[in-house]
Each structure stands twice: as structure tokens, then as C-alpha cells.
file my_file-v8.tsv (TSV, C-alpha atoms)
chain	number	residue	atom	x	y	z
E	1	MET	CA	-23.01	-54.05	39.08
E	2	GLU	CA	-26.24	-55.59	37.70
E	3	ALA	CA	-26.96	-54.71	34.10
E	4	THR	CA	-30.42	-53.29	34.90
E	5	ASP	CA	-28.95	-51.17	37.75
E	6	LYS	CA	-26.37	-49.73	35.43
E	7	ALA	CA	-28.94	-48.90	32.78
E	8	LEU	CA	-31.14	-47.17	35.38
E	9	GLN	CA	-28.30	-45.13	36.74
E	10	LEU	CA	-27.05	-44.14	33.31
E	11	ASP	CA	-30.54	-42.91	32.54
E	12	ALA	CA	-30.47	-40.94	35.79
E	13	ALA	CA	-27.06	-39.48	34.91
E	14	ARG	CA	-28.28	-38.36	31.49
E	15	ALA	CA	-31.38	-36.89	33.04
E	16	LEU	CA	-29.15	-35.08	35.54
E	17	VAL	CA	-27.08	-33.56	32.79
E	18	SER	CA	-30.11	-32.36	30.86
E	19	ALA	CA	-31.60	-31.02	34.11
E	20	LEU	CA	-28.36	-29.14	34.76
E	21	GLU	CA	-28.40	-27.77	31.23
E	22	SER	CA	-31.96	-26.52	31.56
E	23	ASP	CA	-31.32	-25.12	35.05
E	24	ASP	CA	-34.07	-27.33	36.51
E	25	ILE	CA	-33.05	-27.43	40.18
E	26	GLU	CA	-35.84	-29.73	41.34
E	27	GLU	CA	-35.17	-32.29	38.65
E	28	THR	CA	-31.43	-32.08	39.31
E	29	GLN	CA	-31.90	-32.88	42.96
E	30	GLN	CA	-34.26	-35.71	42.18
E	31	GLN	CA	-31.86	-37.30	39.74
E	32	LEU	CA	-28.99	-36.84	42.19
E	33	MET	CA	-31.05	-38.66	44.79
E	34	ILE	CA	-31.56	-41.58	42.41
E	35	LEU	CA	-27.87	-41.65	41.71
E	36	THR	CA	-26.67	-41.37	45.29
E	37	SER	CA	-29.06	-44.10	46.30
E	38	GLY	CA	-26.95	-46.43	44.19
E	39	HIS	CA	-23.71	-45.51	46.06
E	40	GLU	CA	-21.74	-46.21	42.96
E	41	SER	CA	-18.57	-44.15	43.02
E	42	GLU	CA	-17.90	-45.09	39.43
E	43	LEU	CA	-21.03	-43.28	38.37
E	44	PHE	CA	-20.18	-40.27	40.49
E	45	ASN	CA	-16.89	-40.04	38.67
E	46	GLU	CA	-18.71	-40.25	35.37
E	47	VAL	CA	-21.09	-37.46	36.34
E	48	GLY	CA	-18.18	-35.42	37.60
E	49	LYS	CA	-16.44	-35.84	34.27
E	50	LEU	CA	-19.57	-34.94	32.30
E	51	THR	CA	-20.08	-31.83	34.44
E	52	ARG	CA	-16.48	-30.75	33.96
E	53	GLU	CA	-16.75	-31.24	30.21
E	54	LEU	CA	-19.96	-29.26	30.16
E	55	HIS	CA	-18.26	-26.47	32.09
E	56	ASP	CA	-15.23	-26.49	29.80
E	57	SER	CA	-17.28	-26.43	26.65
E	58	MET	CA	-19.31	-23.52	28.04
E	59	ALA	CA	-16.08	-21.64	28.75
E	60	ASN	CA	-14.70	-22.44	25.31
E	61	PHE	CA	-17.94	-21.35	23.77
E	62	GLN	CA	-17.33	-17.84	25.10
E	63	LEU	CA	-13.98	-17.76	23.36
E	64	ASP	CA	-15.58	-19.09	20.17
E	65	SER	CA	-18.27	-16.43	20.27
E	66	ARG	CA	-15.60	-13.68	20.45
E	67	LEU	CA	-13.91	-15.24	17.44
E	68	VAL	CA	-17.25	-15.41	15.64
E	69	ASP	CA	-17.80	-11.77	16.49
E	70	LEU	CA	-14.33	-10.88	15.22
E	71	THR	CA	-14.97	-12.77	11.99
E	72	ASN	CA	-18.44	-11.35	11.38
E	73	ASN	CA	-17.93	-7.75	12.44
E	74	ASP	CA	-14.35	-6.69	13.01
E	75	MET	CA	-12.79	-8.38	9.98
E	76	PRO	CA	-15.02	-6.81	7.29
E	77	ASN	CA	-14.65	-3.56	9.18
E	78	THR	CA	-10.87	-3.96	9.03
E	79	ARG	CA	-11.00	-4.61	5.30
E	80	ASP	CA	-12.85	-1.32	4.93
E	81	ARG	CA	-10.28	0.42	7.12
E	82	LEU	CA	-7.35	-0.89	5.10
E	83	ASN	CA	-9.09	0.04	1.86
E	84	TYR	CA	-9.49	3.50	3.34
E	85	VAL	CA	-5.72	3.60	3.95
E	86	ILE	CA	-5.08	2.62	0.33
E	87	SER	CA	-7.47	5.18	-1.12
E	88	THR	CA	-6.33	7.97	1.24
E	89	THR	CA	-2.63	7.46	0.57
E	90	GLU	CA	-3.28	7.16	-3.16
E	91	GLU	CA	-5.32	10.34	-3.15
E	92	ALA	CA	-2.57	12.18	-1.25
E	93	ALA	CA	0.12	10.91	-3.63
E	94	THR	CA	-1.95	11.88	-6.69
E	95	LYS	CA	-2.64	15.35	-5.29
E	96	THR	CA	1.00	15.92	-4.39
E	97	LEU	CA	2.21	14.71	-7.78
E	98	GLY	CA	-0.31	17.03	-9.43
E	99	PHE	CA	1.02	20.05	-7.54
E	100	ILE	CA	4.60	19.05	-8.37
E	101	GLU	CA	3.76	18.69	-12.06
E	102	ASP	CA	2.08	22.12	-11.96
E	103	THR	CA	5.12	23.67	-10.24
E	104	LEU	CA	7.96	22.24	-12.35
E	105	PRO	CA	7.09	24.20	-15.55
E	106	LEU	CA	6.83	27.43	-13.50
E	107	THR	CA	10.40	27.02	-12.25
E	108	SER	CA	11.59	26.08	-15.75
E	109	GLU	CA	9.99	29.22	-17.21
E	110	LEU	CA	11.55	31.46	-14.53
E	111	LYS	CA	14.96	29.90	-15.11
E	112	GLN	CA	14.68	30.21	-18.91
E	113	SER	CA	13.72	33.92	-18.74
E	114	ALA	CA	16.45	34.62	-16.18
E	115	ASP	CA	19.03	32.92	-18.43
E	116	ASP	CA	17.95	35.05	-21.42
E	117	ILE	CA	18.03	38.30	-19.44
E	118	GLU	CA	21.38	37.41	-17.88
E	119	GLN	CA	22.94	36.95	-21.31
E	120	SER	CA	21.53	40.26	-22.57
E	121	TRP	CA	22.61	41.99	-19.38
E	122	HIS	CA	26.11	40.67	-19.82
E	123	ARG	CA	26.23	42.09	-23.37
E	124	PHE	CA	24.94	45.42	-22.05
E	125	ARG	CA	27.66	45.53	-19.37
E	126	MET	CA	30.27	44.77	-22.03
E	127	LYS	CA	28.82	47.70	-24.01
E	128	GLU	CA	27.93	45.36	-26.89
E	129	MET	CA	24.33	46.52	-27.05
E	130	ASN	CA	22.76	49.15	-29.28
E	131	ALA	CA	19.84	51.36	-28.24
E	132	ASP	CA	17.14	49.20	-29.88
E	133	GLU	CA	18.46	46.08	-28.21
E	134	PHE	CA	18.57	47.88	-24.88
E	135	ARG	CA	14.94	48.98	-25.27
E	136	ALA	CA	14.04	45.31	-25.94
E	137	LEU	CA	15.97	44.28	-22.84
E	138	SER	CA	14.16	46.86	-20.67
E	139	LYS	CA	10.85	45.50	-21.93
E	140	GLU	CA	11.97	41.94	-21.14
E	141	ILE	CA	12.89	42.93	-17.60
E	142	GLU	CA	9.60	44.78	-17.19
E	143	THR	CA	7.61	41.66	-18.05
E	144	TYR	CA	9.98	39.38	-16.14
E	145	LEU	CA	9.57	41.01	-12.71
E	146	PRO	CA	5.76	40.62	-12.47
E	147	LEU	CA	6.21	37.07	-13.82
E	148	VAL	CA	8.59	36.30	-10.93
E	149	LYS	CA	6.03	37.62	-8.49
E	150	ALA	CA	3.09	35.73	-10.01
E	151	HIS	CA	5.01	32.45	-10.33
E	152	SER	CA	6.42	32.75	-6.79
E	153	ASP	CA	2.89	33.21	-5.46
E	154	GLN	CA	1.72	30.17	-7.41
E	155	ILE	CA	4.70	28.07	-6.26
E	156	HIS	CA	4.06	29.13	-2.68
E	157	ALA	CA	0.40	28.12	-2.99
E	158	ASN	CA	1.34	24.78	-4.56
E	159	LEU	CA	3.84	24.04	-1.77
E	160	SER	CA	1.21	24.85	0.86
E	161	ASP	CA	-1.24	22.49	-0.83
E	162	MET	CA	1.43	19.78	-0.93
E	163	MET	CA	1.96	20.29	2.78
E	164	LEU	CA	-1.77	19.96	3.46
E	165	ALA	CA	-1.91	16.80	1.34
E	166	GLN	CA	0.45	15.17	3.89
E	167	GLY	CA	-2.38	15.32	6.44
E	168	PHE	CA	-3.27	11.75	5.42
E	169	GLN	CA	-0.45	10.47	7.63
E	170	ASP	CA	-2.36	11.36	10.79
E	171	LEU	CA	-5.57	9.66	9.61
E	172	THR	CA	-4.02	6.52	8.17
E	173	GLY	CA	-1.73	6.22	11.20
E	174	GLN	CA	-4.75	6.09	13.52
E	175	VAL	CA	-6.54	3.55	11.34
E	176	ILE	CA	-3.47	1.32	11.17
E	177	GLN	CA	-3.12	1.48	14.98
E	178	GLN	CA	-6.68	0.16	15.26
E	179	VAL	CA	-5.92	-2.63	12.83
E	180	ILE	CA	-2.80	-3.58	14.82
E	181	SER	CA	-4.86	-3.92	18.03
E	182	LEU	CA	-7.39	-6.07	16.22
E	183	VAL	CA	-4.68	-8.33	14.82
E	184	GLU	CA	-3.25	-8.67	18.33
E	185	GLU	CA	-6.65	-9.66	19.70
E	186	VAL	CA	-7.21	-12.22	16.95
E	187	GLU	CA	-3.73	-13.58	17.60
E	188	THR	CA	-4.40	-14.00	21.35
E	189	ASN	CA	-7.70	-15.75	20.67
E	190	LEU	CA	-6.17	-18.04	18.09
E	191	VAL	CA	-3.32	-18.95	20.43
E	192	GLU	CA	-5.94	-19.94	23.08
E	193	LEU	CA	-7.83	-21.96	20.49
E	194	VAL	CA	-4.66	-23.73	19.38
E	195	LYS	CA	-3.85	-24.50	23.04
E	196	ILE	CA	-7.27	-26.08	23.55
E	197	ALA	CA	-7.16	-28.01	20.29
E	198	GLY	CA	-3.44	-28.66	20.62
E	199	ASN	CA	-3.80	-31.47	23.18
E	200	ARG	CA	-5.59	-33.59	20.65
E	201	ASN	CA	-3.58	-32.59	17.65
E	202	GLU	CA	-0.04	-32.67	18.97
E	203	ASP	CA	1.01	-35.24	16.42
E	204	ARG	CA	-0.37	-33.21	13.55
E	205	GLN	CA	2.52	-31.34	11.99
E	206	THR	CA	2.39	-27.75	10.90
E	207	ASN	CA	1.97	-27.23	7.22
E	208	ASN	CA	5.34	-27.23	5.53
E	209	ASN	CA	4.42	-25.95	2.11
E	210	VAL	CA	7.33	-25.49	-0.25
E	211	VAL	CA	7.59	-21.74	-0.91
E	212	ASP	CA	8.50	-20.47	-4.35
E	213	PRO	CA	11.85	-18.74	-3.71
E	214	ILE	CA	11.18	-15.98	-6.23
E	215	LYS	CA	7.54	-15.33	-5.31
E	216	ALA	CA	6.92	-11.58	-5.25
E	217	GLU	CA	6.50	-10.38	-1.66
E	218	GLY	CA	6.58	-6.60	-1.89
E	219	PRO	CA	8.73	-4.56	0.49
E	220	GLN	CA	10.60	-6.59	3.12
E	221	ILE	CA	9.71	-5.29	6.57
E	222	ASN	CA	12.37	-6.96	8.73
E	223	ALA	CA	15.13	-7.19	6.16
E	224	GLU	CA	17.93	-6.77	8.75
E	225	ASN	CA	17.02	-10.07	10.40
E	226	ASN	CA	16.88	-12.05	7.18
E	227	ASP	CA	20.13	-13.10	5.54
E	228	ASN	CA	18.33	-13.97	2.35
E	229	VAL	CA	17.14	-10.40	1.84
E	230	LEU	CA	19.32	-7.55	0.63
E	231	ASN	CA	18.90	-4.27	2.50
E	232	ASN	CA	19.67	-1.62	-0.09
E	233	GLN	CA	20.81	-0.72	-3.58
E	234	ASP	CA	24.50	-1.14	-2.66
E	235	GLU	CA	23.99	-4.75	-1.57
E	236	VAL	CA	22.02	-5.45	-4.75
E	237	ASP	CA	24.81	-3.90	-6.83
E	238	ASP	CA	27.41	-6.00	-4.99
E	239	LEU	CA	25.47	-9.21	-5.63
E	240	LEU	CA	25.02	-8.36	-9.31
E	241	SER	CA	28.69	-7.52	-9.77
E	242	SER	CA	29.64	-10.79	-8.06
E	243	LEU	CA	27.54	-12.46	-10.76
E	244	GLY	CA	29.58	-10.69	-13.42
E	245	PHE	CA	27.31	-7.71	-14.07
N	1	MET	CA	14.10	7.34	-27.48
N	2	LYS	CA	10.71	5.91	-26.50
N	3	ILE	CA	10.41	4.36	-23.03
N	4	LEU	CA	7.68	2.03	-21.74
N	5	VAL	CA	7.04	2.32	-17.99
N	6	VAL	CA	5.23	-0.69	-16.46
N	7	ASP	CA	3.90	-0.52	-12.89
N	8	ASP	CA	0.52	-1.38	-11.40
N	9	PHE	CA	0.45	1.83	-9.31
N	10	SER	CA	-0.25	4.97	-11.30
N	11	THR	CA	1.59	7.15	-8.76
N	12	MET	CA	4.79	5.16	-9.28
N	13	ARG	CA	4.40	5.44	-13.06
N	14	ARG	CA	4.03	9.21	-12.69
N	15	ILE	CA	7.10	9.46	-10.45
N	16	ILE	CA	9.21	7.48	-12.91
N	17	LYS	CA	7.85	9.48	-15.86
N	18	ASN	CA	8.74	12.77	-14.13
N	19	LEU	CA	12.23	11.55	-13.24
N	20	LEU	CA	12.77	10.36	-16.83
N	21	ARG	CA	11.64	13.76	-18.12
N	22	ASP	CA	14.24	15.41	-15.85
N	23	LEU	CA	16.83	13.13	-17.42
N	24	GLY	CA	15.78	14.33	-20.86
N	25	PHE	CA	13.51	11.43	-21.84
N	26	ASN	CA	10.24	13.07	-22.83
N	27	ASN	CA	8.72	10.24	-24.82
N	28	THR	CA	7.21	7.73	-22.41
N	29	VAL	CA	4.25	5.36	-22.57
N	30	GLU	CA	2.66	3.45	-19.70
N	31	ALA	CA	1.25	0.00	-18.98
N	32	ASP	CA	-0.06	-1.40	-15.70
N	33	ASP	CA	1.20	-4.98	-15.95
N	34	GLY	CA	2.99	-7.45	-18.23
N	35	LEU	CA	-0.18	-8.43	-20.09
N	36	THR	CA	-0.87	-4.86	-21.20
N	37	ALA	CA	2.83	-4.14	-21.76
N	38	LEU	CA	3.56	-7.03	-24.10
N	39	PRO	CA	1.26	-5.95	-26.98
N	40	ILE	CA	2.72	-2.43	-26.78
N	41	LEU	CA	6.23	-3.87	-27.02
N	42	GLN	CA	5.27	-6.22	-29.85
N	43	ALA	CA	3.73	-3.34	-31.79
N	44	GLY	CA	7.29	-1.97	-31.99
N	45	GLY	CA	8.93	1.41	-31.47
N	46	ILE	CA	9.88	0.97	-27.80
N	47	ASP	CA	13.60	1.49	-27.14
N	48	PHE	CA	13.75	0.96	-23.40
N	49	LEU	CA	11.62	-0.90	-20.85
N	50	VAL	CA	11.29	0.06	-17.18
N	51	THR	CA	9.25	-2.49	-15.22
N	52	ASP	CA	8.10	-3.30	-11.70
N	53	TRP	CA	8.20	-6.96	-10.55
N	54	ASN	CA	5.12	-7.44	-8.36
N	55	MET	CA	2.05	-6.83	-10.51
N	56	PRO	CA	-1.28	-8.61	-11.01
N	57	GLY	CA	-1.79	-10.39	-14.32
N	58	MET	CA	1.71	-10.83	-15.66
N	59	GLN	CA	4.59	-10.08	-13.31
N	60	GLY	CA	7.70	-8.16	-14.30
N	61	ILE	CA	9.98	-11.20	-14.20
N	62	ASP	CA	7.68	-13.04	-16.62
N	63	LEU	CA	7.53	-9.96	-18.85
N	64	LEU	CA	11.35	-9.93	-18.87
N	65	LYS	CA	11.46	-13.62	-19.83
N	66	ALA	CA	8.83	-13.05	-22.55
N	67	VAL	CA	10.88	-10.15	-23.95
N	68	ARG	CA	14.09	-12.17	-24.00
N	69	ALA	CA	12.27	-15.10	-25.65
N	70	ASP	CA	10.89	-12.89	-28.43
N	71	GLU	CA	13.29	-12.68	-31.36
N	72	LYS	CA	12.35	-9.09	-32.19
N	73	LEU	CA	12.56	-7.85	-28.58
N	74	ALA	CA	15.42	-9.97	-27.23
N	75	LYS	CA	17.95	-7.10	-27.28
N	76	LEU	CA	15.65	-4.52	-25.64
N	77	PRO	CA	17.27	-3.00	-22.53
N	78	VAL	CA	15.13	-3.80	-19.47
N	79	LEU	CA	15.49	-1.94	-16.18
N	80	MET	CA	13.71	-3.48	-13.22
N	81	VAL	CA	12.48	-1.04	-10.55
N	82	THR	CA	11.10	-3.08	-7.68
N	83	ALA	CA	10.74	-3.62	-3.94
N	84	GLU	CA	11.68	-7.30	-4.36
N	85	THR	CA	15.08	-7.79	-2.71
N	86	LYS	CA	15.46	-11.49	-2.04
N	87	ARG	CA	18.78	-12.97	-3.15
N	88	GLU	CA	17.08	-15.62	-5.33
N	89	GLN	CA	14.93	-13.00	-7.01
N	90	ILE	CA	17.86	-10.83	-8.01
N	91	MET	CA	19.79	-13.85	-9.24
N	92	THR	CA	16.77	-15.03	-11.23
N	93	ALA	CA	16.38	-11.58	-12.80
N	94	ALA	CA	20.09	-11.54	-13.67
N	95	GLN	CA	19.89	-15.00	-15.25
N	96	ALA	CA	16.79	-13.95	-17.17
N	97	GLY	CA	18.87	-11.13	-18.67
N	98	VAL	CA	17.81	-7.99	-16.83
N	99	SER	CA	19.90	-4.96	-17.84
N	100	GLY	CA	19.69	-3.15	-14.49
N	101	TYR	CA	18.04	-3.58	-11.08
N	102	VAL	CA	16.85	-0.60	-9.01
N	103	VAL	CA	15.47	-1.19	-5.51
N	104	LYS	CA	12.45	0.79	-4.27
N	105	PRO	CA	12.42	3.27	-2.64
N	106	PHE	CA	15.00	4.76	-4.99
N	107	THR	CA	16.52	8.16	-5.67
N	108	ALA	CA	16.72	10.16	-8.90
N	109	ALA	CA	20.51	9.71	-8.76
N	110	THR	CA	20.26	5.90	-8.62
N	111	LEU	CA	17.84	5.81	-11.54
N	112	LYS	CA	20.14	8.04	-13.60
N	113	GLU	CA	23.22	5.99	-12.69
N	114	LYS	CA	21.61	2.70	-13.75
N	115	ILE	CA	20.22	4.12	-17.00
N	116	ASP	CA	23.61	5.69	-17.84
N	117	LYS	CA	25.31	2.37	-17.18
N	118	ILE	CA	22.92	0.50	-19.47
N	119	PHE	CA	23.56	2.95	-22.33
N	120	GLU	CA	27.33	2.83	-21.75
N	121	ARG	CA	27.18	-0.93	-22.14
N	122	ILE	CA	25.06	-0.65	-25.32
N	123	ASP	CA	27.44	1.96	-26.78
N	124	ALA	CA	30.46	-0.24	-26.00
N	125	GLN	CA	28.99	-3.11	-28.01

call {"tool": "encode", "arguments": {"input": "my_file-v8.tsv", "output": "C-alpha cells"}}
result
Amino acid sequence: MEATDKALQLDAARALVSALESDDIEETQQQLMILTSGHESELFNEVGKLTRELHDSMANFQLDSRLVDLTNNDMPNTRDRLNYVISTTEEAATKTLGFIEDTLPLTSELKQSADDIEQSWHRFRMKEMNADEFRALSKEIETYLPLVKAHSDQIHANLSDMMLAQGFQDLTGQVIQQVISLVEEVETNLVELVKIAGNRNEDRQTNNNVVDPIKAEGPQINAENNDNVLNNQDEVDDLLSSLGF
Amino acid sequence: MKILVVDDFSTMRRIIKNLLRDLGFNNTVEADDGLTALPILQAGGIDFLVTDWNMPGMQGIDLLKAVRADEKLAKLPVLMVTAETKREQIMTAAQAGVSGYVVKPFTAATLKEKIDKIFERIDAQ
């Protein structure tokens, strides 16, 4: 091919691509005419390749835009959702603990009074009690019975409130379900992205960072499948005793 | 007997405090990580330390090491109450001189058993 011919046809090919990009049908046809007039199959191949690349990058761009959308909108939203889970569960735990701490002294007081009365009652049954002591005992019983009623009512109310405080489970469960679907979508998109990029980066190895073996990780979720993780207190005790504890 | 309870979650501190009260330990103080715990320990008067592992600031394992490295605190009994259950972690805690290791979630009975065991060992010395 003559050098000037080649330069002309390359110009035509570039013009064709930009015509395609701007949806200019007339210009596209004109440039195609110029190209076909040359009957150079090599150039046709080149155009074909450029068109395919254009198509691919358009298709990939759609994927990218979903990822951009996920990053800009869904991720911050998810952070808010997870923060909601933290605050809701914390609130429920605090409420429940409050009701428990209110209830424990009530049961202690009932038990203490019952113990006292039981001892006096025993002495009365053994005929070890004089009239004054018996009058005191009657008075004790008289104040004890309404106390039992009042405390039982309060304990009942506290237990009901504790039950209601467990309502968080429904709300946080729903939010976590939404987060799981989002994570699945991000995962699918990332896998696609890795596939596309993967062809060019096959030789690039995955990051093999050395992990600190005692780094705190919080609760282990799939402990059964990990030999390095102990499943319960008994296994921990066994390990410690094997170390001479 | 004065006990310092160290955990970054206030609910867990409350649970432990309530369980300790049931076991007859009414005198407890709280800290939310190693950095806030250490000055309390150094000020003196703490007889027993219950600590979580995973906390911001200073972690429980580093608090344990700091306690063992401090001449005045070296003998303080330290009970770790944590969700960390990797083999290396437990071995590290043992080597660092932890007195007991309770895995979360735990029961009142487990907590009692470990505390009893620690005091048995101290009494035997």
C-alpha cells in the first residue's frame, strides 16, 4: 500500500469511528464509501476491531455505572443501615438490662421478707412465741401480702417491657437482609469486573499479605470449618490444660 | 475485693457487673479499653481484672502484657472474657500470663467456675 493511500484511509477510518460515536449516519456512510473504495481488507479488519472495542467498552461502561451507583448511593446507605442495627440492638440491650436491674432488687426483697416470716412462723408453730412477738408477726404478714402483690405487678410489667424490647430482632433482621442482597450484588459486579480485567492481569498475583496470627477478629462465624479456631469453652479449657494450666 | 471490668461495650460491662454482684462481688469499677484501664490499675486498690480482648485504643492482650510488665501489678489476677478463639490467641494469652480465659458468649456458671479456680490457685500459693 502507498504511504499516502494508507494515511488517507486511516483518516477515513478515524472519521468513521467519530461519525459512529456521534450517530451521524450520513457521515458514516460517506466515510465507509471512501474506505470501501480502497478495497483494503486490512483496513476493514481494523475498522471491525475498532467497532468491536467501541461496543465492548460501551457494554462495560454500563457495568461501571452500576458500580458507580452502588458506591455513591447504596454504600453510604448501607453504612447508615448497619449503624441503625448497632444503635437499635444497643438500645434494646440497654433497655432490657435496665428492666432486669429494676427487677432483681424486687425479687431479693420478696425473698428476704419471706425468709424472715418463715423463721417467725416456724417459732410460732413450735410454740416458742409470746403474744407480743405474735402480734409483730401478724403485722409483718399484713404488710408482706400487699408487698407481694405490688412487686408481682411490677415484675410482670418489667417482664412485658423486656419482651417488647426484643422487637428489635424483626427490624434489624430486615435491614441485615437488605445489606446481604447488596453485598451479593456488589460481589457479582466485582466478579464481572475481575473477569474483564483478568485477561490482562493474569500474571498479577493476588495480594498475599502476612496476617498477624493474634489479630483480634471478633466472633468467628464459621468456626466449625476452621481447624485453627476453637468452638467453645471446653475446647479452650482443653488447650489451656494441655499447656499446663 | 475491688474488681475492674474492661470492655468497650457498656452492655457487656453491665452484664459482667450484674453477674459479679450475684457472685457476691459488689465493688466493681469500669473502663472501656486498656488506655483508660491502666491509670486506674496504676492508681492502686484493684484486686482483680476482668478484660475483653478486642477493644479500640489498647487491646486486652496488650493491657495484660502491660500489667505483667509492671512490678506493682505483675501478680494481679487477670481474667480474659472475649470472643477471640483462635489457637494462637489463646496460646499468646497463656504465655503472657493470663489467669483465666472465658469465651463469649458465656454463662454465669462458667464465669463463676473460672473465678473460683483463680482464687483456689491464689489460696494454694

call {"tool": "closest_residue", "arguments": {"input": "my_file-v8.tsv", "among": "E:Asn222, E:Asn158, E:Gln169, E:Ser181", "to": "Gly98 in chain E", "atoms": "all atoms listed in the file"}}
result
E:Asn158

call {"tool": "residues_around", "arguments": {"input": "my_file-v8.tsv", "residues": "Lys75 in chain N", "least_positions_apart": "4", "cutoff": "10 Å", "atoms": "only C-alpha atoms", "output": "list of chain:residue names"}}
result
N:Asp47, N:Phe48, N:Val67, N:Arg68, N:Ala69, N:Asp70, N:Glu71, N:Gly97, N:Ser99, N:Ile122

call {"tool": "atom_distance", "arguments": {"input": "my_file-v8.tsv", "atom1": "CA of Ala37 in chain N", "atom2": "CA of Leu63 in chain N"}}
result
8.0 Å

call {"tool": "closest_residue", "arguments": {"input": "my_file-v8.tsv", "among": "E:Gln29, E:Leu110, E:Met75, E:Asp24", "to": "Pro146 in chain E", "atoms": "only C-alpha atoms"}}
result
E:Leu110

call {"tool": "residues_around", "arguments": {"input": "my_file-v8.tsv", "residues": "Tyr144 in chain E", "least_positions_apart": "6", "cutoff": "9 Å", "atoms": "only C-alpha atoms", "output": "mmCIF file with C-alpha atoms, keeping the file's coordinate frame"}}
result
data_model
loop_
_atom_site.group_PDB
_atom_site.id
_atom_site.type_symbol
_atom_site.label_atom_id
_atom_site.label_comp_id
_atom_site.auth_asym_id
_atom_site.auth_seq_id
_atom_site.Cartn_x
_atom_site.Cartn_y
_atom_site.Cartn_z
ATOM 1 C CA LEU E 110 11.550 31.460 -14.530
ATOM 2 C CA SER E 113 13.720 33.920 -18.740
ATOM 3 C CA ALA E 114 16.450 34.620 -16.180
ATOM 4 C CA ILE E 117 18.030 38.300 -19.440
#

call {"tool": "residues_around", "arguments": {"input": "my_file-v8.tsv", "residues": "Met12 in chain N", "least_positions_apart": "5", "cutoff": "12 Å", "atoms": "only C-alpha atoms", "output": "list in words"}}
result
Glu90, Ala93, Thr94 and Leu97 of chain E; Val5, Val6, Asp7, Lys17, Asn18, Leu19, Glu30, Ala31, Asp32, Val50, Thr51, Asp52, Val81, Thr82, Ala83, Lys104, Pro105 and Phe106 of chain N

call {"tool": "closest_residue", "arguments": {"input": "my_file-v8.tsv", "among": "N:Leu49, N:Ile15, N:Leu79, N:Ala124", "to": "chain E", "atoms": "all atoms listed in the file"}}
result
N:Ile15

call {"tool": "residues_around", "arguments": {"input": "my_file-v8.tsv", "residues": "Ala59 in chain E", "least_positions_apart": "5", "cutoff": "12 Å", "atoms": "only C-alpha atoms", "output": "list in words"}}
result
Arg52, Glu53, Leu54, Asp64, Ser65, Arg66, Glu192, Leu193 and Ile196 of chain E

call {"tool": "closest_residue", "arguments": {"input": "my_file-v8.tsv", "among": "E:Val229, E:Leu8, E:Ala131, E:Met33", "to": "Glu217 in chain E", "atoms": "all atoms listed in the file"}}
result
E:Val229

call {"tool": "interface_residues", "arguments": {"input": "my_file-v8.tsv", "of": "chain E", "to": "chain N", "cutoff": "10 Å", "atoms": "all atoms listed in the file", "output": "PyMOL selection string"}}
result
chain E and resi 90-98+100-101+104+212-220+223+226-237+239-240+243-245

call {"tool": "closest_residue", "arguments": {"input": "my_file-v8.tsv", "among": "N:Asn27, N:Gly44, N:Leu35, N:Asp8", "to": "Leu76 in chain N", "atoms": "all atoms listed in the file"}}
result
N:Gly44

call {"tool": "atom_distance", "arguments": {"input": "my_file-v8.tsv", "atom1": "CA of Leu106 in chain E", "atom2": "CA of Lys114 in chain N"}}
result
28.8 Å
